[in-house]
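Some notes on the structure that comes next.
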Protein chains: 2
Amino acid sequence: MNDVAAAAGVSQSTVSRILNDAPARIDVSRDTRARVQAIASELGYRPHPIARALRGARTMLLGAVVRDITDPFFAAAIEALSIEAKERGYSVVLGHARAKADEALALTAVLEERHCDAIVLLGDFRGERRLVDDLRSAQVRVVGLWHGLEQGRPFPTVGVDNRAGIDAALDHLVQSGHRRIAYVGEEVGDMHERHAAYRSYLAAAGLDAPRGYARLVANTTDGGGLALAALLEQPQAPTAIVAGTDTLAMGIIHAAYERGVSVPAELSVVGFDDIPLASATVPSLTTVKMPIAEIVAAGVELAVGEGGWSPRQDEDAPRVVFQPKLIVRGSTAAVPGSAAGSV
Amino acid sequence: MNDVAAAAGVSQSTVSRILNDAPARIDVSRDTRARVQAIASELGYRPHPIARALRGARTMLLGAVVRDITDPFFAAAIEALSIEAKERGYSVVLGHARAKADEALALTAVLEERHCDAIVLLGDFRGERRLVDDLRSAQVRVVGLWHGLEQGRPFPTVGVDNRAGIDAALDHLVQSGHRRIAYVGEEVGDMHERHAAYRSYLAAAGLDAPRGYARLVANTTDGGGLALAALLEQPQAPTAIVAGTDTLAMGIIHAAYERGVSVPAELSVVGFDDIPLASATVPSLTTVKMPIAEIVAAGVELAVGEGGWSPRQDEDAPRVVFQPKLIVRGSTAAVPGSAAGSV
DNA sequence: TTGTACGCGTTATCAT
DNA sequence: ATGATAACGCGTACAA
């Protein structure tokens, strides 16, 4: 900017005023303005965001903390976040939080918070006391997406109505004649709610729910395979499985294929999330569609929008909840032996 | 830092020296050092990275420009990049480059380059003249991963030996008795090389390659479905398909399932990349494994490591090439009608 | 061993 | 309508 000022024969502050479009009045003469602009573009002047930030301006950087980007669901969430952020002029900084059991997760280790105007948590970090404490004492705004339920939330959260999703999935299965319905999930974040919803649904419907029908495994395709193996060993194998995520559902379907169990003819499987590949599996996946775009949009609004929330003593942080929607595809069918069944 | 200095009764520069571990000599007395450190941690002092960066220090930010994070392959690449970057103390800034046909892609639009110490391009951006020009004139180091071939490369690139991968896939199919082998891909980046490798392999092997056997479609599961539909309409349908990516392969397998074509009994399919879900599909996917971690590590080294490369006149930018590896799983089998076949 | 002073590139305030 | 100047937080050459 100094170069521009020197070349134009004006002071540097004048250049600043011109290039920032004089917030106050049009107190720059037309000719100097034109001259400075010409020279600036000729010299290829580019504002220096770091210097601006030092003056107190925003960084236009949005921090995203996520455990595992490989998880197809969170990959889709990051994509949505990136799009939403870009529309508001923000860029996303990835704070990769690989949970290493031996080290407490410190915020600084994962993200230099002062770079970012706000931080978005993707997934459940309630187990990371250290991280949450850091976040609480940091000056940046924090929003948690799919962060699970909590009593005294230190920051706003946005999520989905897990109970409604599980209810819809189970309604669908029950209406297809299923009575022996198992659940597979990892006891983390939203899946905790899904598990609880599954249990209370079965109880309310008066359905049998043997202990072995709820399998808690890692949220991976391998975890799904292990869960299926265990379920097939039950005295009465289930005719349908509700999976806590599509990843688990894919693992279950894959394992069923390897074992010669036909989906959906012999076993129905319902997933949760509707990840991008869910419609391209064999068979295509019946699943509960997560309104990712809406959730991310609400989260970004809370993080960097005008409707932002700042901690107060007299009220809890807000929790926004969106509704999921059941998508029926090819992985569910009537229970074997029913009207349309074989035998 | 001023607060710390005031509280400790020393000057701000002393504090700076202590907290930066005096690069020169141990010219700080033990007691003042201890006192300052105590006060600093008590006050919860955190260095201000922006001010540091303004002084010329590095931002420890690594820009990543990617077209489509939803693409499972690039999601995995981003994951690897994030891990590799974190090991060197860097964070990744996502520059989301959704190709909108109507607007030329400007670097500033996608990433405020002066924030980043270096920029990593993920995928093929040769079509984006504007972006590449911006990159060339920018002062940051740039590295292209999976950027395809180019004559006068303005920056170093790291990639995979596509020809070797395709050769391995075709060798496998030919050895399984296949003669009618089709190719499905999008004419972008590395897939261009894969297509060329497919054609020259068939020519060298003296295999029939009807025009309609090479299907150029979008790199999505839907694209794969369209390609399969077109291939099944050929006078002589192929017995095997080489897909340019696993995404396409999954689309092909899904479409085959929907049409009642059995994979691998009636049709063999080979993918490329070995995305995380490739081993959990039905059937599991035979594919060419991309050495993502190695490629990303080499890229980060070129971008921010000591072995970095700066443009010179007398030599081309380096191109590092890694070798892929064929992973045989369940989506390929002997050609129908062969020794082990039915009928 | 420690304090003073300057500059990094901006923006904002005050004076001209 | 424009120029001079202070300040943002930090690192460092120089002076004490």
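Ligands are numbered from 1 in the order shown, residues from 1 within each chain, and chains are lettered A, B, ... in the order they appear in the structure tokens.
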Counting only C-alpha atoms (C1' of nucleotides), which residues of chain D come no farther than 12 Å from chain B, as an MDAnalysis selection string?
-> chainID D and resid 8:13
Atoms to include: C-alpha atoms (C1' of nucleotides). Write the selected residues as a compact mmCIF listing (two decimals), in the first residue's frame.
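For reference, result_14.txt as written:
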# COMPACT_ATOMS: atom_id res chain seq x y z
C1' DC D 8 -2.99 -3.58 17.04
C1' DG D 9 0.86 -7.77 19.41
C1' DC D 10 4.93 -9.39 18.63
C1' DG D 11 10.23 -10.14 17.68
C1' DT D 12 14.63 -8.26 17.69
C1' DA D 13 18.69 -5.13 16.97
Distance filter 8 Å, only C-alpha atoms (C1' of nucleotides), chain C against chain B, as a short mmCIF file (atom, residue, chain, number, x, y, z; two decimals) with C-alpha atoms (C1' of nucleotides), in the first residue's frame:
data_model
loop_
_atom_site.label_atom_id
_atom_site.label_comp_id
_atom_site.auth_asym_id
_atom_site.auth_seq_id
_atom_site.Cartn_x
_atom_site.Cartn_y
_atom_site.Cartn_z
"C1'" DT C 1 20.90 -9.38 32.46
"C1'" DT C 2 17.33 -6.25 31.04
"C1'" DG C 3 15.03 -2.08 28.93
"C1'" DC C 8 5.47 -5.59 10.01
"C1'" DG C 9 0.51 -3.50 6.94
#
Give me the chain B side of the contact with chain A, cut-off 8 Å, one line per residue showing its nearest atom pair and distance in Å at one decimal, counting only C-alpha atoms, sorted by chain and residue number, as JSON lines.
{"residue": "B:His48", "atom": "CA", "partner": "A:Arg114", "partner_atom": "CA", "distance": 6.9}
{"residue": "B:Pro49", "atom": "CA", "partner": "A:His115", "partner_atom": "CA", "distance": 7.0}
{"residue": "B:Ile50", "atom": "CA", "partner": "A:Ile50", "partner_atom": "CA", "distance": 6.0}
{"residue": "B:Ala51", "atom": "CA", "partner": "A:Leu54", "partner_atom": "CA", "distance": 6.1}
{"residue": "B:Ala53", "atom": "CA", "partner": "A:Ile50", "partner_atom": "CA", "distance": 7.0}
{"residue": "B:Leu54", "atom": "CA", "partner": "A:Ile50", "partner_atom": "CA", "distance": 6.2}
{"residue": "B:Asp68", "atom": "CA", "partner": "A:Glu79", "partner_atom": "CA", "distance": 7.7}
{"residue": "B:Ile69", "atom": "CA", "partner": "A:Glu79", "partner_atom": "CA", "distance": 5.6}
{"residue": "B:Thr70", "atom": "CA", "partner": "A:Ala76", "partner_atom": "CA", "distance": 5.7}
{"residue": "B:Pro72", "atom": "CA", "partner": "A:Pro72", "partner_atom": "CA", "distance": 7.3}
{"residue": "B:Ala75", "atom": "CA", "partner": "A:Ala75", "partner_atom": "CA", "distance": 6.2}
{"residue": "B:Ala76", "atom": "CA", "partner": "A:Thr70", "partner_atom": "CA", "distance": 5.7}
{"residue": "B:Ile78", "atom": "CA", "partner": "A:Ile69", "partner_atom": "CA", "distance": 7.8}
{"residue": "B:Glu79", "atom": "CA", "partner": "A:Ile69", "partner_atom": "CA", "distance": 5.6}
{"residue": "B:Ser82", "atom": "CA", "partner": "A:His96", "partner_atom": "CA", "distance": 6.5}
{"residue": "B:Ile83", "atom": "CA", "partner": "A:His96", "partner_atom": "CA", "distance": 7.2}
{"residue": "B:Lys86", "atom": "CA", "partner": "A:His96", "partner_atom": "CA", "distance": 7.7}
{"residue": "B:Ser91", "atom": "CA", "partner": "A:Leu94", "partner_atom": "CA", "distance": 6.4}
{"residue": "B:Val92", "atom": "CA", "partner": "A:Leu94", "partner_atom": "CA", "distance": 5.3}
{"residue": "B:Val93", "atom": "CA", "partner": "A:Val93", "partner_atom": "CA", "distance": 4.3}
{"residue": "B:Leu94", "atom": "CA", "partner": "A:Val92", "partner_atom": "CA", "distance": 5.3}
{"residue": "B:Gly95", "atom": "CA", "partner": "A:Ser91", "partner_atom": "CA", "distance": 6.6}
{"residue": "B:His96", "atom": "CA", "partner": "A:Ser82", "partner_atom": "CA", "distance": 6.5}
{"residue": "B:Leu111", "atom": "CA", "partner": "A:Ser91", "partner_atom": "CA", "distance": 7.2}
{"residue": "B:Glu112", "atom": "CA", "partner": "A:Pro49", "partner_atom": "CA", "distance": 7.9}
{"residue": "B:Arg114", "atom": "CA", "partner": "A:His48", "partner_atom": "CA", "distance": 7.0}
{"residue": "B:His115", "atom": "CA", "partner": "A:Ile50", "partner_atom": "CA", "distance": 6.9}
{"residue": "B:Thr221", "atom": "CA", "partner": "A:Ala280", "partner_atom": "CA", "distance": 6.5}
{"residue": "B:Met250", "atom": "CA", "partner": "A:Ala280", "partner_atom": "CA", "distance": 6.6}
{"residue": "B:Gly251", "atom": "CA", "partner": "A:Ala280", "partner_atom": "CA", "distance": 5.9}
{"residue": "B:Ile253", "atom": "CA", "partner": "A:Val282", "partner_atom": "CA", "distance": 7.7}
{"residue": "B:His254", "atom": "CA", "partner": "A:Ala280", "partner_atom": "CA", "distance": 5.5}
{"residue": "B:Tyr257", "atom": "CA", "partner": "A:Val282", "partner_atom": "CA", "distance": 6.7}
{"residue": "B:Pro276", "atom": "CA", "partner": "A:Thr70", "partner_atom": "CA", "distance": 7.5}
{"residue": "B:Leu277", "atom": "CA", "partner": "A:Thr221", "partner_atom": "CA", "distance": 7.8}
{"residue": "B:Ala280", "atom": "CA", "partner": "A:His254", "partner_atom": "CA", "distance": 5.5}
{"residue": "B:Thr281", "atom": "CA", "partner": "A:His254", "partner_atom": "CA", "distance": 5.9}
{"residue": "B:Val282", "atom": "CA", "partner": "A:His254", "partner_atom": "CA", "distance": 5.6}
{"residue": "B:Pro283", "atom": "CA", "partner": "A:His254", "partner_atom": "CA", "distance": 7.4}
{"residue": "B:Ser284", "atom": "CA", "partner": "A:His254", "partner_atom": "CA", "distance": 7.8}
Find the residues around DA6 in chain D up to 12 Å (only C-alpha atoms (C1' of nucleotides) counted), leave out those fewer than 2 positions away in its own chain, and share them as a PyMOL selection string.
-> (chain C and resi 11-14) or (chain D and resi 4+8)
Determine, counting only C-alpha atoms (C1' of nucleotides), which protein, DNA and RNA residues have an atom within 8 Å of an atom of Ala333 in chain B; residues of the same chain fewer than 5 positions away are not included. Present the result as a VMD selection string.
-> chain B and resid 176 264 to 265 268
Can you write just those residues out, N, CA and C atoms, as a PDB file, in the first residue's frame?
ATOM      1  N   SER B 176      -8.020 -63.860 -16.264  1.00  0.00           N
ATOM      2  CA  SER B 176      -9.258 -64.527 -15.870  1.00  0.00           C
ATOM      3  C   SER B 176     -10.077 -64.934 -17.091  1.00  0.00           C
ATOM      4  N   PRO B 264     -19.944 -61.037  -9.566  1.00  0.00           N
ATOM      5  CA  PRO B 264     -19.085 -61.095 -10.746  1.00  0.00           C
ATOM      6  C   PRO B 264     -19.456 -62.219 -11.706  1.00  0.00           C
ATOM      7  N   ALA B 265     -20.521 -62.967 -11.429  1.00  0.00           N
ATOM      8  CA  ALA B 265     -20.791 -64.151 -12.251  1.00  0.00           C
ATOM      9  C   ALA B 265     -20.946 -63.799 -13.731  1.00  0.00           C
ATOM     10  N   SER B 268     -17.605 -58.795 -14.614  1.00  0.00           N
ATOM     11  CA  SER B 268     -16.543 -58.413 -13.676  1.00  0.00           C
ATOM     12  C   SER B 268     -16.346 -56.907 -13.718  1.00  0.00           C
TER      13      SER B 268
END
Surrounding residues of Gly127 in chain A excluding itself and chain neighbours under 4 positions, 10 Å, only C-alpha atoms (C1' of nucleotides), as a ChimeraX atom specification = /A:104-105,131-132,188-189
Store the residues of this selection in a file with N, CA and C atoms, as an mmCIF file, in the first residue's frame.
data_model
loop_
_atom_site.group_PDB
_atom_site.id
_atom_site.type_symbol
_atom_site.label_atom_id
_atom_site.label_comp_id
_atom_site.auth_asym_id
_atom_site.auth_seq_id
_atom_site.Cartn_x
_atom_site.Cartn_y
_atom_site.Cartn_z
ATOM 1 N N ALA A 104 -4.924 -36.014 26.296
ATOM 2 C CA ALA A 104 -6.120 -35.185 26.357
ATOM 3 C C ALA A 104 -6.084 -34.216 25.190
ATOM 4 N N LEU A 105 -7.235 -33.961 24.647
ATOM 5 C CA LEU A 105 -7.325 -33.123 23.465
ATOM 6 C C LEU A 105 -7.343 -31.655 23.874
ATOM 7 N N LEU A 131 -10.903 -30.317 26.046
ATOM 8 C CA LEU A 131 -11.266 -29.513 24.887
ATOM 9 C C LEU A 131 -12.436 -28.591 25.206
ATOM 10 N N VAL A 132 -13.446 -29.163 25.846
ATOM 11 C CA VAL A 132 -14.632 -28.362 26.157
ATOM 12 C C VAL A 132 -14.282 -27.232 27.118
ATOM 13 N N VAL A 188 -22.177 -43.362 21.211
ATOM 14 C CA VAL A 188 -21.493 -42.074 21.084
ATOM 15 C C VAL A 188 -22.451 -41.071 20.468
ATOM 16 N N GLY A 189 -22.494 -39.901 21.036
ATOM 17 C CA GLY A 189 -23.225 -38.792 20.433
ATOM 18 C C GLY A 189 -24.680 -39.130 20.157
#
In range 126-312 of chain A, what's helix (DSSP H, G or I) per DSSP? Answer as a PyMOL selection string?
-> chain A and resi 129-137+162-175+190-205+211-213+221-232+246-258+276-280+292-304
From the DSSP assignment of the backbone, select every residue of range 176-210 of chain B that is strand (DSSP E), and format the answer as an mmCIF file with N, CA and C atoms, in the first residue's frame.
data_model
loop_
_atom_site.group_PDB
_atom_site.id
_atom_site.type_symbol
_atom_site.label_atom_id
_atom_site.label_comp_id
_atom_site.auth_asym_id
_atom_site.auth_seq_id
_atom_site.Cartn_x
_atom_site.Cartn_y
_atom_site.Cartn_z
ATOM 1 N N ILE B 181 -13.527 -56.262 -22.884
ATOM 2 C CA ILE B 181 -13.340 -55.428 -21.694
ATOM 3 C C ILE B 181 -13.622 -53.972 -22.038
ATOM 4 N N ALA B 182 -14.516 -53.373 -21.292
ATOM 5 C CA ALA B 182 -14.887 -51.978 -21.535
ATOM 6 C C ALA B 182 -14.216 -51.064 -20.511
ATOM 7 N N TYR B 183 -14.269 -49.765 -20.807
ATOM 8 C CA TYR B 183 -13.706 -48.766 -19.888
ATOM 9 C C TYR B 183 -14.734 -47.672 -19.649
ATOM 10 N N VAL B 184 -14.843 -47.244 -18.401
ATOM 11 C CA VAL B 184 -15.750 -46.152 -18.051
ATOM 12 C C VAL B 184 -14.971 -45.111 -17.259
ATOM 13 N N GLY B 185 -15.053 -43.848 -17.708
ATOM 14 C CA GLY B 185 -14.344 -42.801 -16.986
ATOM 15 C C GLY B 185 -14.815 -41.430 -17.392
#
Do you know which residues are at most 10 Å from Leu173 in chain B counting only C-alpha atoms (C1' of nucleotides), after dropping those on the same chain fewer than 4 positions away, and could you put them as JSON, numbers by chain?
-> {"B": [167, 168, 169, 177, 178, 179, 180, 181, 239, 240, 241, 242, 268, 269, 270, 332, 333, 334, 335]}
